[in-house]
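Chemist: Quick one, input_12.tsv (TSV, C-alpha atoms):
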```tsv
chain	number	residue	atom	x	y	z
K	287	MET	CA	0.00	0.00	0.00
K	288	GLU	CA	2.89	2.37	-0.68
K	289	GLU	CA	1.03	4.27	-3.40
K	290	PRO	CA	-1.80	6.65	-2.50
K	291	GLU	CA	-4.04	5.21	-5.21
K	292	ARG	CA	-3.93	1.75	-3.63
K	293	GLU	CA	-4.87	3.13	-0.27
K	294	LEU	CA	-7.72	5.18	-1.75
K	295	LEU	CA	-9.02	2.20	-3.67
K	296	ALA	CA	-8.89	0.07	-0.53
K	297	ARG	CA	-10.81	2.74	1.37
K	298	TYR	CA	-13.44	2.91	-1.35
K	299	ARG	CA	-13.79	-0.87	-1.30
K	300	ALA	CA	-14.21	-0.70	2.46
K	301	GLY	CA	-17.18	1.61	2.02
K	302	ASP	CA	-15.65	5.10	2.09
K	303	ALA	CA	-17.42	6.77	-0.84
K	304	GLY	CA	-15.35	9.93	-0.48
K	305	ALA	CA	-12.18	8.00	-1.31
K	306	LEU	CA	-13.37	7.62	-4.89
K	307	GLY	CA	-13.58	11.39	-5.27
K	308	GLU	CA	-10.01	11.70	-4.00
K	309	LEU	CA	-8.87	8.98	-6.37
K	310	VAL	CA	-10.48	10.69	-9.37
K	311	GLU	CA	-8.96	14.00	-8.33
K	312	LEU	CA	-5.53	12.42	-8.00
K	313	PHE	CA	-5.56	11.38	-11.67
K	314	ARG	CA	-7.72	14.19	-13.03
K	315	ARG	CA	-4.97	16.23	-14.70
K	316	PRO	CA	-2.85	13.40	-16.20
K	317	LEU	CA	-5.81	11.33	-17.34
K	318	PHE	CA	-7.82	14.21	-18.73
K	319	GLY	CA	-4.67	15.61	-20.34
K	320	PHE	CA	-3.95	12.28	-22.00
K	321	ILE	CA	-7.53	11.84	-23.25
K	322	SER	CA	-7.84	15.43	-24.32
K	323	ARG	CA	-4.62	15.42	-26.35
K	324	MET	CA	-5.26	11.94	-27.75
K	325	THR	CA	-8.78	12.72	-28.97
K	326	ASP	CA	-7.99	16.22	-30.18
K	327	GLY	CA	-11.61	17.21	-30.68
K	328	ARG	CA	-12.67	13.95	-32.37
K	329	ASP	CA	-14.58	12.92	-29.25
K	330	ASP	CA	-15.75	14.55	-26.09
K	331	PRO	CA	-12.89	14.08	-23.58
K	332	ASP	CA	-15.32	14.61	-20.67
K	333	ASP	CA	-17.38	11.71	-21.89
K	334	ILE	CA	-14.39	9.37	-22.21
K	335	PHE	CA	-13.00	10.47	-18.83
K	336	GLN	CA	-16.34	9.60	-17.22
K	337	GLU	CA	-16.52	6.27	-19.05
K	338	VAL	CA	-13.02	5.32	-17.83
K	339	TRP	CA	-14.06	5.86	-14.23
K	340	LEU	CA	-17.37	4.06	-14.65
K	341	ARG	CA	-15.38	1.05	-15.84
K	342	VAL	CA	-13.05	1.36	-12.88
K	343	ILE	CA	-16.06	1.42	-10.54
K	344	LYS	CA	-17.61	-1.55	-12.30
K	345	HIS	CA	-14.50	-3.72	-12.33
K	346	GLN	CA	-12.67	-2.53	-9.22
K	347	ALA	CA	-13.70	-5.60	-7.26
K	348	ARG	CA	-11.87	-7.80	-9.77
K	349	TYR	CA	-8.87	-5.47	-10.05
K	350	THR	CA	-5.72	-7.30	-9.00
K	351	HIS	CA	-3.03	-5.53	-11.02
K	352	LYS	CA	-0.04	-4.09	-9.24
K	353	ASN	CA	-0.13	-0.75	-10.99
K	354	PHE	CA	-3.41	1.12	-10.79
K	355	LYS	CA	-2.18	3.97	-12.98
K	356	SER	CA	-1.31	1.56	-15.79
K	357	TRP	CA	-4.73	-0.04	-15.54
K	358	LEU	CA	-6.39	3.37	-15.71
K	359	PHE	CA	-4.44	4.45	-18.78
K	360	ARG	CA	-4.97	1.11	-20.46
K	361	ILE	CA	-8.73	1.59	-20.14
K	362	ALA	CA	-8.38	5.16	-21.41
K	363	GLN	CA	-6.25	4.18	-24.39
K	364	ASN	CA	-8.61	1.36	-25.37
K	365	LEU	CA	-11.62	3.66	-25.14
K	366	VAL	CA	-9.95	6.35	-27.24
K	367	ILE	CA	-8.97	3.79	-29.90
K	368	ASP	CA	-12.43	2.17	-29.91
K	369	ARG	CA	-14.15	5.50	-30.34
K	370	ALA	CA	-11.75	6.59	-33.06
K	371	ARG	CA	-12.43	3.35	-34.94
K	372	LYS	CA	-16.19	3.79	-34.68
K	373	GLN	CA	-16.10	7.37	-35.82
K	374	LYS	CA	-16.39	8.27	-39.48
K	375	PRO	CA	-13.43	10.21	-40.85
K	376	ILE	CA	-14.99	13.62	-41.11
K	377	VAL	CA	-12.53	16.36	-41.95
K	378	ASP	CA	-13.91	19.68	-40.86
K	379	LEU	CA	-11.13	22.12	-41.64
K	380	GLN	CA	-13.09	25.20	-40.74
K	381	SER	CA	-14.05	24.02	-37.24
K	382	SER	CA	-10.53	22.65	-36.71
K	383	ALA	CA	-8.99	26.00	-37.57
K	384	MET	CA	-11.51	27.79	-35.36
K	385	ARG	CA	-10.75	25.42	-32.51
K	386	GLU	CA	-7.05	26.10	-32.80
K	387	GLU	CA	-7.68	29.82	-32.74
K	388	GLU	CA	-9.88	29.41	-29.69
K	389	ASN	CA	-7.20	27.35	-27.96
K	390	VAL	CA	-4.58	29.95	-28.60
K	391	PHE	CA	-6.95	32.66	-27.41
K	392	GLU	CA	-7.87	30.71	-24.25
K	393	THR	CA	-4.22	30.04	-23.52
K	394	ARG	CA	-3.40	33.72	-23.94
K	395	VAL	CA	-6.22	34.68	-21.59
K	396	GLU	CA	-4.90	32.19	-19.04
K	397	ASP	CA	-1.35	33.44	-19.47
K	398	LYS	CA	-1.72	36.37	-17.10
K	399	SER	CA	0.79	34.80	-14.74
K	400	LEU	CA	3.57	34.94	-17.32
K	401	THR	CA	6.16	37.49	-16.47
K	402	THR	CA	9.56	36.85	-18.03
K	403	PRO	CA	10.34	36.57	-21.76
K	404	ALA	CA	11.90	33.14	-21.15
K	405	GLN	CA	8.61	31.83	-19.78
K	406	ILE	CA	6.67	33.33	-22.68
K	407	ASP	CA	9.01	31.60	-25.12
K	408	ALA	CA	8.65	28.29	-23.30
K	409	LYS	CA	4.87	28.60	-23.40
K	410	THR	CA	4.87	29.29	-27.10
K	411	LEU	CA	7.17	26.37	-27.72
K	412	GLY	CA	4.89	24.12	-25.63
K	413	GLU	CA	1.89	25.06	-27.76
K	414	GLN	CA	3.86	24.42	-30.91
K	415	ILE	CA	4.99	21.04	-29.66
K	416	VAL	CA	1.40	20.15	-28.69
K	417	ALA	CA	0.25	21.14	-32.17
K	418	ALA	CA	3.00	18.96	-33.67
K	419	VAL	CA	2.03	16.06	-31.38
K	420	ARG	CA	-1.38	16.04	-33.09
K	421	THR	CA	0.29	15.04	-36.34
K	422	LEU	CA	1.90	11.91	-34.85
K	423	PRO	CA	0.47	8.43	-35.54
K	424	ASP	CA	-1.75	7.17	-32.69
K	425	ASP	CA	0.70	4.65	-31.22
K	426	GLN	CA	3.58	7.14	-31.12
K	427	ARG	CA	1.33	9.86	-29.79
K	428	ALA	CA	0.05	7.54	-27.05
K	429	VAL	CA	3.59	6.69	-25.93
K	430	PHE	CA	4.65	10.32	-26.01
K	431	LEU	CA	1.61	11.44	-23.99
K	432	MET	CA	1.84	8.58	-21.50
K	433	ARG	CA	5.38	9.77	-20.81
K	434	THR	CA	4.67	13.49	-20.69
K	435	GLU	CA	1.18	13.58	-19.18
K	436	ALA	CA	1.14	10.48	-17.00
K	437	ASP	CA	4.86	10.08	-16.31
K	438	LEU	CA	4.55	6.34	-16.87
K	439	PRO	CA	7.75	4.28	-17.19
K	440	PHE	CA	8.44	2.52	-20.48
K	441	LYS	CA	7.92	-0.88	-18.93
K	442	GLU	CA	4.33	0.04	-18.07
K	443	ILE	CA	3.73	1.78	-21.40
K	444	ALA	CA	4.89	-1.38	-23.16
K	445	LYS	CA	2.43	-3.45	-21.10
K	446	ILE	CA	-0.43	-1.07	-21.87
K	447	GLN	CA	0.31	-1.21	-25.59
K	448	GLY	CA	0.88	-4.96	-25.52
K	449	THR	CA	4.39	-4.64	-26.89
K	450	SER	CA	8.03	-4.85	-25.84
K	451	ILE	CA	9.89	-2.15	-23.97
K	452	ASN	CA	12.16	-1.71	-27.00
K	453	THR	CA	9.18	-1.01	-29.24
K	454	ALA	CA	7.78	1.49	-26.74
K	455	LEU	CA	11.17	3.20	-26.61
K	456	ALA	CA	11.44	3.21	-30.39
K	457	ARG	CA	7.99	4.79	-30.69
K	458	MET	CA	9.04	7.52	-28.28
K	459	GLN	CA	12.21	8.11	-30.26
K	460	TYR	CA	10.29	8.29	-33.54
K	461	ALA	CA	7.92	10.78	-31.94
K	462	LEU	CA	10.80	12.92	-30.67
K	463	ALA	CA	12.50	12.84	-34.05
K	464	LYS	CA	9.31	13.93	-35.80
K	465	LEU	CA	8.71	16.68	-33.29
K	466	ARG	CA	12.27	17.96	-33.68
K	467	ASP	CA	11.81	17.93	-37.42
K	468	ALA	CA	8.48	19.76	-37.21
K	469	LEU	CA	9.92	22.35	-34.85
K	470	LYS	CA	13.31	22.84	-36.43
K	471	SER	CA	13.60	26.58	-35.93
K	472	GLU	CA	12.06	26.58	-32.45
K	473	TYR	CA	14.26	23.67	-31.48
K	474	HIS	CA	17.37	25.64	-32.40
K	475	GLU	CA	16.08	28.53	-30.29
K	476	LEU	CA	15.59	26.09	-27.43
K	477	GLN	CA	19.10	24.76	-27.88
K	478	GLY	CA	20.31	28.33	-27.56
K	479	THR	CA	18.53	28.79	-24.22
K	480	THR	CA	19.49	25.46	-22.67
K	481	SER	CA	23.14	25.18	-23.69
T	529	MET	CA	28.09	6.61	-28.69
T	530	SER	CA	25.42	7.28	-31.30
T	531	GLU	CA	22.80	9.97	-30.77
T	532	GLU	CA	20.10	7.31	-30.87
T	533	LYS	CA	21.68	5.27	-28.11
T	534	LEU	CA	22.28	8.37	-26.02
T	535	GLU	CA	18.64	9.36	-26.40
T	536	ARG	CA	17.54	5.89	-25.41
T	537	LEU	CA	19.66	5.96	-22.28
T	538	LEU	CA	18.43	9.44	-21.41
T	539	LEU	CA	14.82	8.36	-21.78
T	540	LEU	CA	15.36	5.33	-19.57
T	541	ALA	CA	17.24	7.46	-17.04
T	542	GLN	CA	14.22	9.77	-16.74
T	543	THR	CA	12.01	6.87	-15.71
T	544	GLY	CA	14.62	5.16	-13.52
T	545	GLU	CA	14.73	2.11	-15.77
T	546	LEU	CA	18.46	2.03	-16.43
T	547	SER	CA	20.54	-0.95	-15.40
T	548	ASP	CA	23.65	-0.32	-13.29
T	549	VAL	CA	25.92	-0.78	-16.29
T	550	GLN	CA	23.85	1.61	-18.41
T	551	ARG	CA	23.74	4.13	-15.58
T	552	LYS	CA	27.55	4.14	-15.29
T	553	GLU	CA	27.93	4.43	-19.06
T	554	LEU	CA	25.57	7.40	-19.22
T	555	ASP	CA	27.10	9.15	-16.20
T	556	THR	CA	30.56	8.88	-17.72
T	557	LEU	CA	29.37	10.22	-21.04
T	558	LEU	CA	27.52	13.14	-19.47
T	559	ALA	CA	30.52	14.01	-17.33
T	560	GLN	CA	32.89	13.98	-20.28
T	561	THR	CA	30.86	15.28	-23.22
T	562	GLU	CA	29.35	18.73	-23.46
T	563	SER	CA	27.16	17.80	-26.44
T	564	ALA	CA	25.60	14.92	-24.47
T	565	ARG	CA	24.64	17.32	-21.68
T	566	THR	CA	23.15	19.75	-24.21
T	567	TYR	CA	21.19	16.94	-25.80
T	568	ARG	CA	19.84	15.90	-22.40
T	569	ASN	CA	18.86	19.47	-21.51
T	570	ASP	CA	17.09	19.99	-24.84
T	571	MET	CA	15.11	16.83	-24.50
T	572	GLU	CA	14.08	17.58	-20.95
T	573	ALA	CA	13.10	21.12	-21.92
T	574	MET	CA	10.99	19.77	-24.74
T	575	LEU	CA	9.14	17.29	-22.56
T	576	SER	CA	8.56	19.74	-19.74
T	577	ALA	CA	7.31	22.36	-22.24
T	578	VAL	CA	4.52	19.93	-23.16
T	579	ARG	CA	3.77	19.19	-19.50
T	580	ASP	CA	3.52	22.89	-18.70
T	581	THR	CA	1.26	23.73	-21.62
T	582	PRO	CA	-2.29	24.19	-20.33
T	583	LEU	CA	-5.05	22.10	-21.82
T	584	PRO	CA	-7.54	23.82	-24.14
T	585	ARG	CA	-10.08	23.46	-21.38
T	586	ASP	CA	-10.44	21.77	-18.04
T	587	LEU	CA	-12.71	18.90	-17.13
T	588	ASP	CA	-16.36	19.81	-16.60
T	589	PRO	CA	-16.94	19.71	-12.79
T	590	MET	CA	-20.27	17.98	-13.41
T	591	VAL	CA	-18.34	14.92	-14.64
T	592	MET	CA	-16.64	14.58	-11.26
T	593	ARG	CA	-20.03	14.84	-9.56
T	594	ARG	CA	-21.53	12.19	-11.85
T	595	ILE	CA	-18.65	9.80	-11.18
T	596	GLU	CA	-19.06	10.22	-7.43
T	597	ILE	CA	-22.80	9.55	-7.68
T	598	GLN	CA	-22.16	6.42	-9.74
T	599	GLY	CA	-19.54	5.33	-7.22
T	600	ARG	CA	-21.98	5.66	-4.31
T	601	ARG	CA	-24.68	3.87	-6.28
T	602	ALA	CA	-22.34	0.99	-7.09
T	603	MET	CA	-21.32	0.76	-3.44
T	604	ASN	CA	-24.96	0.59	-2.33
T	605	THR	CA	-25.68	-2.11	-4.90
T	606	GLN	CA	-22.72	-4.11	-3.64
T	607	GLU	CA	-23.97	-3.85	-0.08
T	608	ARG	CA	-27.36	-5.10	-1.20
T	609	ARG	CA	-25.68	-8.02	-2.94
T	610	SER	CA	-23.55	-9.04	0.02
T	611	PRO	CA	-24.00	-12.72	1.12
T	612	ALA	CA	-25.89	-11.76	4.27
T	613	SER	CA	-28.36	-9.57	2.38
T	614	ILE	CA	-28.86	-12.23	-0.29
T	615	LEU	CA	-29.78	-14.72	2.45
T	616	LEU	CA	-32.27	-12.28	3.92
T	617	THR	CA	-33.84	-11.41	0.58
T	618	TRP	CA	-34.16	-14.98	-0.55
T	619	ARG	CA	-35.30	-16.53	2.71
T	620	PRO	CA	-38.81	-17.57	1.42
T	621	ALA	CA	-37.32	-18.95	-1.77
T	622	LEU	CA	-34.72	-20.81	0.24
T	623	ALA	CA	-37.43	-22.37	2.46
T	624	SER	CA	-39.43	-23.47	-0.60
T	625	GLY	CA	-36.34	-25.01	-2.15
T	626	ILE	CA	-35.50	-26.96	1.00
T	627	ALA	CA	-39.10	-28.20	1.22
T	628	ALA	CA	-39.01	-29.34	-2.43
T	629	ILE	CA	-35.77	-31.24	-1.89
T	630	ALA	CA	-37.20	-32.90	1.25
T	631	LEU	CA	-40.33	-33.99	-0.67
T	632	LEU	CA	-38.21	-35.39	-3.48
T	633	PHE	CA	-36.10	-37.29	-1.01
T	634	LEU	CA	-39.20	-38.75	0.68
T	635	GLY	CA	-40.65	-39.74	-2.70
T	636	ILE	CA	-37.46	-41.60	-3.64
T	637	ARG	CA	-37.39	-43.34	-0.26
T	638	PHE	CA	-41.04	-44.37	-0.67
T	639	ALA	CA	-40.43	-45.77	-4.15
T	640	GLN	CA	-37.40	-47.72	-2.96
T	641	GLN	CA	-39.45	-49.15	-0.06
T	642	ASN	CA	-42.21	-50.37	-2.45
T	643	GLU	CA	-39.63	-52.00	-4.71
T	644	GLY	CA	-38.12	-53.75	-1.70
T	645	ASN	CA	-41.55	-55.09	-0.67
T	646	ALA	CA	-42.17	-56.49	-4.14
T	647	GLU	CA	-38.81	-58.23	-4.17
T	648	SER	CA	-39.37	-59.72	-0.74
T	649	ALA	CA	-42.70	-61.08	-1.98
T	650	GLY	CA	-40.83	-62.98	-4.79
T	651	VAL	CA	-41.96	-60.77	-7.60
T	652	THR	CA	-39.10	-59.36	-9.61
T	653	GLY	CA	-39.07	-57.09	-12.59
T	654	ALA	CA	-37.52	-59.84	-14.75
T	655	ASP	CA	-40.45	-62.23	-14.13
T	656	GLN	CA	-43.05	-59.69	-15.11
T	657	PRO	CA	-44.00	-59.40	-18.81
T	658	VAL	CA	-43.12	-55.95	-19.98
T	659	GLU	CA	-46.33	-54.22	-20.85
T	660	ARG	CA	-46.59	-50.85	-22.40
T	661	MET	CA	-48.93	-48.72	-20.48
T	662	GLU	CA	-51.48	-47.12	-22.74
T	663	PHE	CA	-52.86	-43.74	-21.95
T	664	ALA	CA	-56.03	-42.04	-23.20
T	665	TRP	CA	-54.06	-39.54	-25.30
T	666	ASP	CA	-52.17	-42.41	-26.99
T	667	ILE	CA	-55.42	-44.02	-28.07
T	668	GLU	CA	-56.83	-40.77	-29.47
T	669	PHE	CA	-53.59	-40.12	-31.28
T	670	ASP	CA	-53.58	-43.62	-32.83
T	671	ASP	CA	-57.16	-43.12	-34.04
T	672	GLU	CA	-56.28	-39.82	-35.62
T	673	VAL	CA	-53.28	-41.32	-37.40
T	674	GLU	CA	-55.49	-44.10	-38.75
T	675	ASP	CA	-58.08	-41.59	-40.00
T	676	LEU	CA	-55.37	-39.58	-41.68
T	677	ASN	CA	-54.00	-42.65	-43.43
T	678	ASP	CA	-57.49	-43.44	-44.70
T	679	LEU	CA	-57.95	-39.89	-45.97
T	680	LEU	CA	-54.62	-40.04	-47.77
T	681	ALA	CA	-55.57	-43.32	-49.38
T	682	LEU	CA	-58.86	-41.79	-50.51
T	683	ALA	CA	-57.09	-38.83	-51.97
T	684	GLU	CA	-54.84	-41.15	-53.93
T	685	GLY	CA	-57.85	-43.10	-55.14
T	686	ASP	CA	-56.80	-46.30	-53.44
T	687	LEU	CA	-60.24	-47.26	-52.19
T	688	ASP	CA	-59.21	-50.79	-51.32
T	689	ALA	CA	-56.84	-49.48	-48.72
T	690	VAL	CA	-59.65	-47.68	-46.99
T	691	GLY	CA	-61.28	-49.52	-44.15
T	692	ASP	CA	-64.99	-50.17	-43.46
T	693	SER	CA	-65.62	-46.62	-42.50
T	694	GLU	CA	-65.26	-45.37	-46.05
T	695	ASP	CA	-68.75	-43.90	-46.22
T	696	GLU	CA	-68.37	-42.23	-42.86
T	697	LEU	CA	-65.12	-40.66	-43.94
T	698	LEU	CA	-66.60	-39.42	-47.19
T	699	GLN	CA	-69.47	-37.92	-45.25
T	700	GLU	CA	-67.07	-36.18	-42.93
T	701	LEU	CA	-65.09	-34.82	-45.81
T	702	LEU	CA	-68.25	-33.47	-47.41
T	703	LYS	CA	-69.27	-32.02	-44.06
T	704	LEU	CA	-66.01	-30.19	-43.93
T	705	GLU	CA	-66.91	-28.73	-47.30
T	706	GLY	CA	-70.29	-27.69	-45.87
T	707	ILE	CA	-72.39	-30.35	-47.62
T	708	ASN	CA	-74.70	-32.52	-45.57
T	709	ILE	CA	-75.99	-35.75	-47.05
```
Any chance you could give the structure as structure tokens?

Modeler:
Amino acid sequence: MEEPERELLARYRAGDAGALGELVELFRRPLFGFISRMTDGRDDPDDIFQEVWLRVIKHQARYTHKNFKSWLFRIAQNLVIDRARKQKPIVDLQSSAMREEENVFETRVEDKSLTTPAQIDAKTLGEQIVAAVRTLPDDQRAVFLMRTEADLPFKEIAKIQGTSINTALARMQYALAKLRDALKSEYHELQGTTS
Amino acid sequence: MSEEKLERLLLLAQTGELSDVQRKELDTLLAQTESARTYRNDMEAMLSAVRDTPLPRDLDPMVMRRIEIQGRRAMNTQERRSPASILLTWRPALASGIAAIALLFLGIRFAQQNEGNAESAGVTGADQPVERMEFAWDIEFDDEVEDLNDLLALAEGDLDAVGDSEDELLQELLKLEGINI
């Protein structure tokens, strides 16, 4: 019971309903971040987030895995893939462009806390990387986001994807290479600030 | 060391998945090579830039509320399905089941007792001629089959095959057609 999620799950199983709320809150940002960036407007991330937890509630009695976080992200990944498969490939360029503009606008509105030019640059680079992440194939994007959003180790990512650790690592490396390529100029700027 | 291998080691170092040998190899390289340190810093900056980028929007608070409600509901359902509650809910059904089993057991015992009496009286199943019991519905069914055969024979024009009740059958057929003779 060294991890907080195990303790919370045990408390919920013992009849403490409030423990579930704490458990959901504990994974709210990484899980919603993963779903949100994986779906990228194809599906409602709120809906998938809720579905993941409903499945956890339904199957928690049978849950025996060691790593709760892996189980959670496995459910999330499967749901995202299932929904993407079911969905018709509708390309709505106008709404996509509008959404991107809205995102940028929302981010700028939220960026009141930014003070130094270095932070502003980092923020801009982050947005550009996120935009480039959208262009990655699903399996590479999933690995990349499980690392960045959920901080999962490669061993667990490999288990979630049903592959070897070498394949998971290779997918991450492909993703990084593509991102570097897509962000060539920004990457050189970044090299200038970090070296 | 190639850039690819360095990147691989750096990625594994971030997650604490390096072996001791790999750890030493990476530490030596980072200590000796400026470009390796730059590469590490760039990669870490890139990954943390993604982590620090806010999401387009946050989760709807109503979703959290709905999950909690579902969680409570599931917990209540589980309590209702606990072994003790199942026993309480199904007590009448359980009593009926036990009574049925007891009756069945008594019936079997009674049948065995009767068989034993017959054997002790010197009458065994092997001595008895096997007779097929005939029930009322069997007799009716046989009659109907016979009538049908007769009707089929009539239809085929094989009058010889029809029994004595030929006239009666013809009359019945005509009756079915609405003609009374």

Chemist: So how far away is atom CA of K:Ala305 from atom CA of T:Arg601, in Å?

Modeler: 14.1 Å

Chemist: Just the number, please: distance in Å from atom CA of K:Ile446 to atom CA of K:Arg348, one decimal.

Modeler: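 Between these atoms lies a distance of 18.0 Å.
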
Chemist: In Å, rounded to a single decimal, give me how far atom CA of T:Lys533 is from atom CA of K:Ala444.

Modeler: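 Distance between the two atoms: 18.7 Å.
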
Chemist: For each of K:Val310, K:Leu365, K:Ala296, K:Leu422, take the minimum atom-to-atom distance to chain T, counting all atoms listed in the file, then give the residue where this is smallest.

Modeler: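 Distance minimum relative to chain T lands on K:Val310.
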
Chemist: What are the residues of chain T lining chain K at 9 Å or less? Count all atoms listed in the file, and put the answer as a PDB file with C-alpha atoms, keeping the file's coordinate frame.

Modeler:
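selection37.pdb, written as the output of this step:
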```
ATOM      1  CA  GLU T 532      20.100   7.310 -30.870  1.00  0.00           C
ATOM      2  CA  GLU T 535      18.640   9.360 -26.400  1.00  0.00           C
ATOM      3  CA  ARG T 536      17.540   5.890 -25.410  1.00  0.00           C
ATOM      4  CA  LEU T 539      14.820   8.360 -21.780  1.00  0.00           C
ATOM      5  CA  LEU T 540      15.360   5.330 -19.570  1.00  0.00           C
ATOM      6  CA  GLN T 542      14.220   9.770 -16.740  1.00  0.00           C
ATOM      7  CA  THR T 543      12.010   6.870 -15.710  1.00  0.00           C
ATOM      8  CA  GLY T 544      14.620   5.160 -13.520  1.00  0.00           C
ATOM      9  CA  GLU T 545      14.730   2.110 -15.770  1.00  0.00           C
ATOM     10  CA  GLU T 562      29.350  18.730 -23.460  1.00  0.00           C
ATOM     11  CA  SER T 563      27.160  17.800 -26.440  1.00  0.00           C
ATOM     12  CA  ARG T 565      24.640  17.320 -21.680  1.00  0.00           C
ATOM     13  CA  THR T 566      23.150  19.750 -24.210  1.00  0.00           C
ATOM     14  CA  TYR T 567      21.190  16.940 -25.800  1.00  0.00           C
ATOM     15  CA  ASN T 569      18.860  19.470 -21.510  1.00  0.00           C
ATOM     16  CA  ASP T 570      17.090  19.990 -24.840  1.00  0.00           C
ATOM     17  CA  MET T 571      15.110  16.830 -24.500  1.00  0.00           C
ATOM     18  CA  ALA T 573      13.100  21.120 -21.920  1.00  0.00           C
ATOM     19  CA  MET T 574      10.990  19.770 -24.740  1.00  0.00           C
ATOM     20  CA  LEU T 575       9.140  17.290 -22.560  1.00  0.00           C
ATOM     21  CA  SER T 576       8.560  19.740 -19.740  1.00  0.00           C
ATOM     22  CA  ALA T 577       7.310  22.360 -22.240  1.00  0.00           C
ATOM     23  CA  VAL T 578       4.520  19.930 -23.160  1.00  0.00           C
ATOM     24  CA  ARG T 579       3.770  19.190 -19.500  1.00  0.00           C
ATOM     25  CA  ASP T 580       3.520  22.890 -18.700  1.00  0.00           C
ATOM     26  CA  THR T 581       1.260  23.730 -21.620  1.00  0.00           C
ATOM     27  CA  PRO T 582      -2.290  24.190 -20.330  1.00  0.00           C
ATOM     28  CA  LEU T 583      -5.050  22.100 -21.820  1.00  0.00           C
ATOM     29  CA  PRO T 584      -7.540  23.820 -24.140  1.00  0.00           C
ATOM     30  CA  ARG T 585     -10.080  23.460 -21.380  1.00  0.00           C
ATOM     31  CA  ASP T 586     -10.440  21.770 -18.040  1.00  0.00           C
ATOM     32  CA  LEU T 587     -12.710  18.900 -17.130  1.00  0.00           C
ATOM     33  CA  ASP T 588     -16.360  19.810 -16.600  1.00  0.00           C
ATOM     34  CA  VAL T 591     -18.340  14.920 -14.640  1.00  0.00           C
ATOM     35  CA  MET T 592     -16.640  14.580 -11.260  1.00  0.00           C
ATOM     36  CA  ARG T 593     -20.030  14.840  -9.560  1.00  0.00           C
ATOM     37  CA  ARG T 594     -21.530  12.190 -11.850  1.00  0.00           C
ATOM     38  CA  ILE T 595     -18.650   9.800 -11.180  1.00  0.00           C
ATOM     39  CA  GLU T 596     -19.060  10.220  -7.430  1.00  0.00           C
ATOM     40  CA  GLN T 598     -22.160   6.420  -9.740  1.00  0.00           C
ATOM     41  CA  GLY T 599     -19.540   5.330  -7.220  1.00  0.00           C
ATOM     42  CA  ARG T 600     -21.980   5.660  -4.310  1.00  0.00           C
ATOM     43  CA  ALA T 602     -22.340   0.990  -7.090  1.00  0.00           C
ATOM     44  CA  MET T 603     -21.320   0.760  -3.440  1.00  0.00           C
ATOM     45  CA  ASN T 604     -24.960   0.590  -2.330  1.00  0.00           C
ATOM     46  CA  GLU T 607     -23.970  -3.850  -0.080  1.00  0.00           C
TER      47      GLU T 607
END
```

Chemist: Generate the missing atoms of stretch 422-433 of chain K up to N, CA and C atoms and report them as an mmCIF file, in the coordinates of the input.

Modeler:
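Written out: result-v9.cif:
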```
data_model
loop_
_atom_site.group_PDB
_atom_site.id
_atom_site.type_symbol
_atom_site.label_atom_id
_atom_site.label_comp_id
_atom_site.auth_asym_id
_atom_site.auth_seq_id
_atom_site.Cartn_x
_atom_site.Cartn_y
_atom_site.Cartn_z
ATOM 1 N N LEU K 422 1.252 13.224 -35.011
ATOM 2 C CA LEU K 422 1.900 11.910 -34.850
ATOM 3 C C LEU K 422 0.903 10.771 -35.034
ATOM 4 N N PRO K 423 1.363 9.606 -35.492
ATOM 5 C CA PRO K 423 0.470 8.430 -35.540
ATOM 6 C C PRO K 423 0.025 8.073 -34.108
ATOM 7 N N ASP K 424 -1.149 7.425 -34.006
ATOM 8 C CA ASP K 424 -1.750 7.170 -32.690
ATOM 9 C C ASP K 424 -0.830 6.462 -31.702
ATOM 10 N N ASP K 425 -0.117 5.409 -32.179
ATOM 11 C CA ASP K 425 0.700 4.650 -31.220
ATOM 12 C C ASP K 425 1.874 5.473 -30.689
ATOM 13 N N GLN K 426 2.472 6.280 -31.560
ATOM 14 C CA GLN K 426 3.580 7.140 -31.120
ATOM 15 C C GLN K 426 3.072 8.262 -30.216
ATOM 16 N N ARG K 427 1.923 8.794 -30.599
ATOM 17 C CA ARG K 427 1.330 9.860 -29.790
ATOM 18 C C ARG K 427 0.978 9.345 -28.397
ATOM 19 N N ALA K 428 0.429 8.128 -28.351
ATOM 20 C CA ALA K 428 0.050 7.540 -27.050
ATOM 21 C C ALA K 428 1.278 7.373 -26.159
ATOM 22 N N VAL K 429 2.364 6.865 -26.728
ATOM 23 C CA VAL K 429 3.590 6.690 -25.930
ATOM 24 C C VAL K 429 4.102 8.047 -25.442
ATOM 25 N N PHE K 430 4.145 8.987 -26.359
ATOM 26 C CA PHE K 430 4.650 10.320 -26.010
ATOM 27 C C PHE K 430 3.804 10.935 -24.881
ATOM 28 N N LEU K 431 2.480 10.825 -24.995
ATOM 29 C CA LEU K 431 1.610 11.440 -23.990
ATOM 30 C C LEU K 431 1.591 10.663 -22.681
ATOM 31 N N MET K 432 1.772 9.352 -22.758
ATOM 32 C CA MET K 432 1.840 8.580 -21.500
ATOM 33 C C MET K 432 3.110 8.937 -20.730
ATOM 34 N N ARG K 433 4.137 9.333 -21.479
ATOM 35 C CA ARG K 433 5.380 9.770 -20.810
ATOM 36 C C ARG K 433 5.209 11.187 -20.249
#
```
